[in-house]
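*Asks:* My structure is stored as final_27.txt, with compact mmCIF, C-alpha atoms.
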```
# COMPACT_ATOMS: atom_id res chain seq x y z
CA MET E 1 106.08 95.08 120.42
CA SER E 2 107.68 95.77 123.77
CA GLU E 3 105.93 99.00 124.66
CA ASP E 4 102.28 99.91 124.92
CA ILE E 5 101.05 102.51 122.46
CA ASP E 6 98.64 105.12 123.78
CA ILE E 7 96.70 107.10 121.17
CA ALA E 8 94.73 110.14 122.26
CA GLU E 9 93.22 113.21 120.69
CA GLY E 10 95.69 116.08 120.37
CA GLY E 11 95.46 119.81 119.93
CA LEU E 12 97.44 122.98 119.33
CA ALA E 13 99.51 122.38 122.47
CA ASP E 14 100.87 119.20 120.82
CA LEU E 15 102.06 121.01 117.72
CA PRO E 16 105.76 121.26 118.78
CA ALA E 17 105.91 117.49 119.30
CA VAL E 18 104.05 116.91 116.02
CA MET E 19 106.57 119.07 114.17
CA THR E 20 109.47 117.16 115.71
CA VAL E 21 107.99 113.88 114.52
CA MET E 22 107.25 115.33 111.09
CA GLU E 23 110.75 116.76 110.66
CA THR E 24 112.32 113.36 111.38
CA ALA E 25 109.74 111.18 109.58
CA PHE E 26 109.50 113.07 106.28
CA ASP E 27 112.68 113.30 104.21
CA SER E 28 113.01 116.92 103.03
CA SER E 29 114.11 115.74 99.58
CA PHE E 30 110.49 114.75 98.84
CA GLY E 31 108.60 117.88 99.94
CA GLU E 32 105.88 116.01 101.88
CA ALA E 33 106.07 117.67 105.30
CA TRP E 34 103.71 120.43 106.33
CA THR E 35 104.70 123.60 108.17
CA ALA E 36 103.61 124.40 111.71
CA SER E 37 101.45 127.24 110.42
CA GLN E 38 99.67 124.91 107.96
CA CYS E 39 98.85 122.49 110.78
CA ALA E 40 97.86 125.26 113.20
CA GLY E 41 95.58 126.83 110.60
CA LEU E 42 93.77 123.57 109.93
CA LEU E 43 93.34 122.28 113.50
CA PRO E 44 90.57 124.68 114.58
CA LEU E 45 88.40 123.92 111.55
CA PRO E 46 85.23 121.83 111.95
CA GLY E 47 85.71 118.12 111.33
CA VAL E 48 89.49 118.20 111.77
CA TRP E 49 91.20 116.05 114.39
CA LEU E 50 94.73 115.26 115.50
CA SER E 51 95.64 111.95 117.12
CA ILE E 52 98.88 111.59 119.05
CA ALA E 53 100.65 108.25 119.62
CA ARG E 54 102.81 107.94 122.73
CA THR E 55 104.97 105.23 124.21
CA GLY E 56 105.45 106.25 127.81
CA ASP E 57 105.82 110.04 127.78
CA ALA E 58 107.37 110.18 124.31
CA VAL E 59 105.36 111.29 121.28
CA VAL E 60 106.25 108.74 118.59
CA GLY E 61 103.66 109.43 115.90
CA PHE E 62 100.49 111.22 114.87
CA THR E 63 97.69 111.47 112.36
CA LEU E 64 95.92 114.57 111.14
CA ALA E 65 92.53 113.99 109.51
CA ARG E 66 89.26 115.63 108.58
CA ALA E 67 85.73 114.41 108.02
CA VAL E 68 82.82 116.04 106.23
CA ALA E 69 79.66 114.83 104.48
CA GLY E 70 80.32 111.11 104.90
CA GLU E 71 83.95 111.28 103.83
CA ALA E 72 87.15 111.25 105.85
CA GLU E 73 90.60 112.16 104.62
CA LEU E 74 93.84 111.11 106.23
CA LEU E 75 95.93 114.22 105.71
CA LEU E 76 99.10 113.13 107.49
CA LEU E 77 100.40 110.03 109.21
CA ALA E 78 103.92 110.02 110.61
CA VAL E 79 105.98 107.85 112.95
CA ARG E 80 109.43 108.77 114.24
CA PRO E 81 112.05 106.72 112.37
CA ASP E 82 113.46 105.29 115.61
CA ALA E 83 109.96 104.03 116.51
CA GLN E 84 109.07 102.49 113.14
CA GLY E 85 108.54 98.76 112.82
CA ARG E 86 106.74 98.49 116.17
CA GLY E 87 103.13 98.65 114.95
CA ILE E 88 102.65 102.36 115.66
CA GLY E 89 101.63 103.24 112.09
CA LYS E 90 99.20 100.31 112.07
CA SER E 91 97.73 101.43 115.41
CA LEU E 92 97.37 105.00 114.16
CA LEU E 93 95.63 103.82 110.99
CA ASN E 94 93.25 101.64 113.02
CA HIS E 95 92.52 104.65 115.24
CA PHE E 96 91.84 106.80 112.16
CA PHE E 97 89.38 104.17 110.86
CA ARG E 98 87.49 104.08 114.17
CA ASP E 99 87.39 107.88 114.41
CA ALA E 100 86.23 108.21 110.80
CA LEU E 101 83.47 105.67 111.34
CA SER E 102 82.34 107.41 114.53
CA ARG E 103 82.14 110.67 112.55
CA GLY E 104 79.83 109.10 109.98
CA ALA E 105 82.34 108.50 107.20
CA ASP E 106 81.83 105.65 104.77
CA HIS E 107 84.38 106.82 102.20
CA LEU E 108 88.02 107.20 103.21
CA HIS E 109 90.79 108.69 101.15
CA LEU E 110 94.37 109.93 101.29
CA GLU E 111 97.22 111.01 99.08
CA VAL E 112 100.75 109.68 99.29
CA ARG E 113 103.95 110.21 97.33
CA ASP E 114 104.52 107.55 94.68
CA GLY E 115 107.24 105.30 96.04
CA ASN E 116 106.52 105.99 99.72
CA ASP E 117 106.90 102.81 101.78
CA ALA E 118 103.58 103.59 103.54
CA ILE E 119 101.69 102.50 100.40
CA ARG E 120 102.14 98.88 101.49
CA LEU E 121 100.46 99.64 104.83
CA TYR E 122 97.57 101.46 103.17
CA THR E 123 96.90 98.70 100.65
CA ARG E 124 97.00 96.06 103.43
CA PHE E 125 94.20 98.05 105.07
CA GLY E 126 92.06 97.92 101.94
CA PHE E 127 92.94 101.19 100.22
CA SER E 128 93.20 101.10 96.42
CA ILE E 129 94.92 103.52 94.08
CA VAL E 130 92.24 105.56 92.32
CA GLY E 131 94.26 108.39 90.78
CA ARG E 132 97.59 110.11 90.24
CA ARG E 133 98.58 113.76 90.46
CA ARG E 134 101.65 114.30 88.34
CA ASN E 135 104.50 116.35 89.86
CA TYR E 136 102.49 117.12 93.00
CA TYR E 137 105.38 117.14 95.49
CA SER E 138 108.40 119.39 95.04
CA GLY E 139 111.53 118.28 96.85
CA GLY E 140 114.16 120.55 98.34
CA ASP E 141 116.33 120.11 95.25
CA GLY E 142 113.49 121.05 92.89
CA LYS E 143 112.81 117.46 91.83
CA GLN E 144 109.12 116.65 91.49
CA PHE E 145 107.22 113.53 92.52
CA ASP E 146 103.76 112.21 91.72
CA ALA E 147 101.06 111.83 94.36
CA LEU E 148 98.86 108.76 94.38
CA SER E 149 95.23 109.13 95.46
CA LEU E 150 94.01 106.13 97.46
CA ALA E 151 90.45 105.37 98.56
CA LYS E 152 88.56 102.85 100.63
CA THR E 153 84.80 102.86 100.27
CA GLY E 154 81.91 101.14 101.97
CA GLU E 155 82.61 99.00 105.02
CA THR E 156 85.35 100.57 107.14
CA SER E 157 85.76 97.55 109.37
CA GLY E 158 88.08 94.68 108.62
CA LEU E 159 90.93 96.40 110.37
CA GLU E 160 94.13 94.51 110.96
```
Take the structure I supplied and represent it as structure tokens, if you would.
*Replies:*
Amino acid sequence: MSEDIDIAEGGLADLPAVMTVMETAFDSSFGEAWTASQCAGLLPLPGVWLSIARTGDAVVGFTLARAVAGEAELLLLAVRPDAQGRGIGKSLLNHFFRDALSRGADHLHLEVRDGNDAIRLYTRFGFSIVGRRRNYYSGGDGKQFDALSLAKTGETSGLE
């Protein structure tokens, strides 16, 4: 990795940069991306946090997560395609783990489209597939895709 990755808490002011990353990172044919209004509506809620990854001044990735009652959910993780393969997703996932632990979570979960390359990253970090939602995502062409529910319980250390 040639550049340092800085990850810091974000907010509503970071939403334009988040949307730019999301629009490039999520292929519209799968229907995974959120809208700006969905993100803006969630950010002010208790237990919700946004983490922004930067290399230099450029926003290259983000996570959106929430924690409540001992559980944390990774709602979104995205890295710009031109920044992938440099450890940014791994750094964001490590940051999510630390944040979740600091917020009292001992059960972590997320959902991901079946076939998404990120599944390999999640399973390397100890997540296991615990369920499937059939036809959860609707792509731009009307095609539907299953969502996989992944969970990691107990010890949240052991990060890569």
*Asks:* Have a look at E:Glu32, E:Asp99, E:Asp4, E:Glu23 and name the one nearest to E:Asn116; count all atoms listed in the file.
*Replies:*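 Answer, going by the shortest atom-to-atom distance: E:Glu32.
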*Asks:* Write out as a PyMOL selection string the residues lying within 8 Å of E:Ser138, counting all atoms listed in the file and excluding same-chain residues fewer than 6 positions away.
*Replies:* chain E and resi 30-31+144-145
*Asks:* List as a ChimeraX atom specification the protein and nucleic acid residues near E:Leu42, meaning an atom at most 10 Å away when all atoms listed in the file are counted, but skip any in the same chain fewer than 5 places from it.
*Replies:* /E:37,47-49,64-66
*Asks:* Let me make sure I understand: among E:Ser149, E:Val79, E:Leu12, E:Asp6, which one has the smallest atom-to-atom distance to E:Tyr136 if we use all atoms listed in the file?
*Replies:*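 Going through E:Ser149, E:Val79, E:Leu12, E:Asp6 one by one, the smallest distance to E:Tyr136 is for E:Ser149.
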*Asks:* Could you write out as lines of an AutoDock Vina configuration file the box around stretch 137-154 of chain E (axis-aligned, all atoms listed in the file, 3 Å on each side), with centre and edge lengths in Å to one decimal?
*Replies:*
```
center_x = 99.1
center_y = 111.1
center_z = 96.7
size_x = 40.4
size_y = 25.9
size_z = 16.5
```
*Asks:* For the atom pair atom CA of E:Gly126 and atom CA of E:Ser28, what is the interatomic distance in Å to one decimal place?
*Replies:*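 Those two atoms sit 28.3 Å apart.
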*Asks:* So that I can see what lies close to stretch 56-60 of chain E, please list as a PyMOL selection string the residues with an atom at most 12 Å from it, counting all atoms listed in the file and leaving out residues fewer than 5 positions away in the same chain.
*Replies:* chain E and resi 2-8+10+14-22+24-25+51+77-89+91-92
*Asks:* Would you output that residue set with C-alpha atoms, as a PDB file, in the coordinates of the input?
*Replies:*
```
ATOM      1  CA  SER E   2     107.680  95.770 123.770  1.00  0.00           C
ATOM      2  CA  GLU E   3     105.930  99.000 124.660  1.00  0.00           C
ATOM      3  CA  ASP E   4     102.280  99.910 124.920  1.00  0.00           C
ATOM      4  CA  ILE E   5     101.050 102.510 122.460  1.00  0.00           C
ATOM      5  CA  ASP E   6      98.640 105.120 123.780  1.00  0.00           C
ATOM      6  CA  ILE E   7      96.700 107.100 121.170  1.00  0.00           C
ATOM      7  CA  ALA E   8      94.730 110.140 122.260  1.00  0.00           C
ATOM      8  CA  GLY E  10      95.690 116.080 120.370  1.00  0.00           C
ATOM      9  CA  ASP E  14     100.870 119.200 120.820  1.00  0.00           C
ATOM     10  CA  LEU E  15     102.060 121.010 117.720  1.00  0.00           C
ATOM     11  CA  PRO E  16     105.760 121.260 118.780  1.00  0.00           C
ATOM     12  CA  ALA E  17     105.910 117.490 119.300  1.00  0.00           C
ATOM     13  CA  VAL E  18     104.050 116.910 116.020  1.00  0.00           C
ATOM     14  CA  MET E  19     106.570 119.070 114.170  1.00  0.00           C
ATOM     15  CA  THR E  20     109.470 117.160 115.710  1.00  0.00           C
ATOM     16  CA  VAL E  21     107.990 113.880 114.520  1.00  0.00           C
ATOM     17  CA  MET E  22     107.250 115.330 111.090  1.00  0.00           C
ATOM     18  CA  THR E  24     112.320 113.360 111.380  1.00  0.00           C
ATOM     19  CA  ALA E  25     109.740 111.180 109.580  1.00  0.00           C
ATOM     20  CA  SER E  51      95.640 111.950 117.120  1.00  0.00           C
ATOM     21  CA  LEU E  77     100.400 110.030 109.210  1.00  0.00           C
ATOM     22  CA  ALA E  78     103.920 110.020 110.610  1.00  0.00           C
ATOM     23  CA  VAL E  79     105.980 107.850 112.950  1.00  0.00           C
ATOM     24  CA  ARG E  80     109.430 108.770 114.240  1.00  0.00           C
ATOM     25  CA  PRO E  81     112.050 106.720 112.370  1.00  0.00           C
ATOM     26  CA  ASP E  82     113.460 105.290 115.610  1.00  0.00           C
ATOM     27  CA  ALA E  83     109.960 104.030 116.510  1.00  0.00           C
ATOM     28  CA  GLN E  84     109.070 102.490 113.140  1.00  0.00           C
ATOM     29  CA  GLY E  85     108.540  98.760 112.820  1.00  0.00           C
ATOM     30  CA  ARG E  86     106.740  98.490 116.170  1.00  0.00           C
ATOM     31  CA  GLY E  87     103.130  98.650 114.950  1.00  0.00           C
ATOM     32  CA  ILE E  88     102.650 102.360 115.660  1.00  0.00           C
ATOM     33  CA  GLY E  89     101.630 103.240 112.090  1.00  0.00           C
ATOM     34  CA  SER E  91      97.730 101.430 115.410  1.00  0.00           C
ATOM     35  CA  LEU E  92      97.370 105.000 114.160  1.00  0.00           C
TER      36      LEU E  92
END
```
*Asks:* Could you jot down the atom CA of E:Phe62 to atom CA of E:Gly131 separation for me, Å, one decimal place?
*Replies:*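 These two atoms are separated by 25.0 Å.
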*Asks:* Is it possible to add N, CA and C atoms to stretch 5-20 of chain E and hand it back as a CSV table (one decimal), in the frame of the given file?
*Replies:*
```csv
chain,number,residue,atom,x,y,z
E,5,ILE,N,101.3,101.3,123.2
E,5,ILE,CA,101.0,102.5,122.5
E,5,ILE,C,99.8,103.1,122.9
E,6,ASP,N,99.8,104.4,123.3
E,6,ASP,CA,98.6,105.1,123.8
E,6,ASP,C,98.3,106.2,122.7
E,7,ILE,N,97.1,106.1,122.2
E,7,ILE,CA,96.7,107.1,121.2
E,7,ILE,C,95.6,107.9,121.7
E,8,ALA,N,95.7,109.2,121.7
E,8,ALA,CA,94.7,110.1,122.3
E,8,ALA,C,94.6,111.3,121.3
E,9,GLU,N,93.5,112.0,121.5
E,9,GLU,CA,93.2,113.2,120.7
E,9,GLU,C,94.2,114.3,121.1
E,10,GLY,N,94.7,115.0,120.1
E,10,GLY,CA,95.7,116.1,120.4
E,10,GLY,C,95.1,117.4,120.0
E,11,GLY,N,95.9,118.5,120.2
E,11,GLY,CA,95.5,119.8,119.9
E,11,GLY,C,96.6,120.7,119.7
E,12,LEU,N,96.4,122.0,119.6
E,12,LEU,CA,97.4,123.0,119.3
E,12,LEU,C,98.6,122.9,120.3
E,13,ALA,N,98.4,122.5,121.5
E,13,ALA,CA,99.5,122.4,122.5
E,13,ALA,C,100.5,121.3,122.1
E,14,ASP,N,100.0,120.3,121.3
E,14,ASP,CA,100.9,119.2,120.8
E,14,ASP,C,101.7,119.5,119.6
E,15,LEU,N,101.4,120.7,119.0
E,15,LEU,CA,102.1,121.0,117.7
E,15,LEU,C,103.6,120.9,117.7
E,16,PRO,N,104.3,121.4,118.8
E,16,PRO,CA,105.8,121.3,118.8
E,16,PRO,C,106.2,119.8,118.7
E,17,ALA,N,105.6,118.9,119.4
E,17,ALA,CA,105.9,117.5,119.3
E,17,ALA,C,105.6,116.9,117.9
E,18,VAL,N,104.4,117.3,117.4
E,18,VAL,CA,104.0,116.9,116.0
E,18,VAL,C,105.1,117.3,115.0
E,19,MET,N,105.6,118.6,115.1
E,19,MET,CA,106.6,119.1,114.2
E,19,MET,C,107.9,118.3,114.3
E,20,THR,N,108.3,117.9,115.5
E,20,THR,CA,109.5,117.2,115.7
E,20,THR,C,109.4,115.8,115.0
```
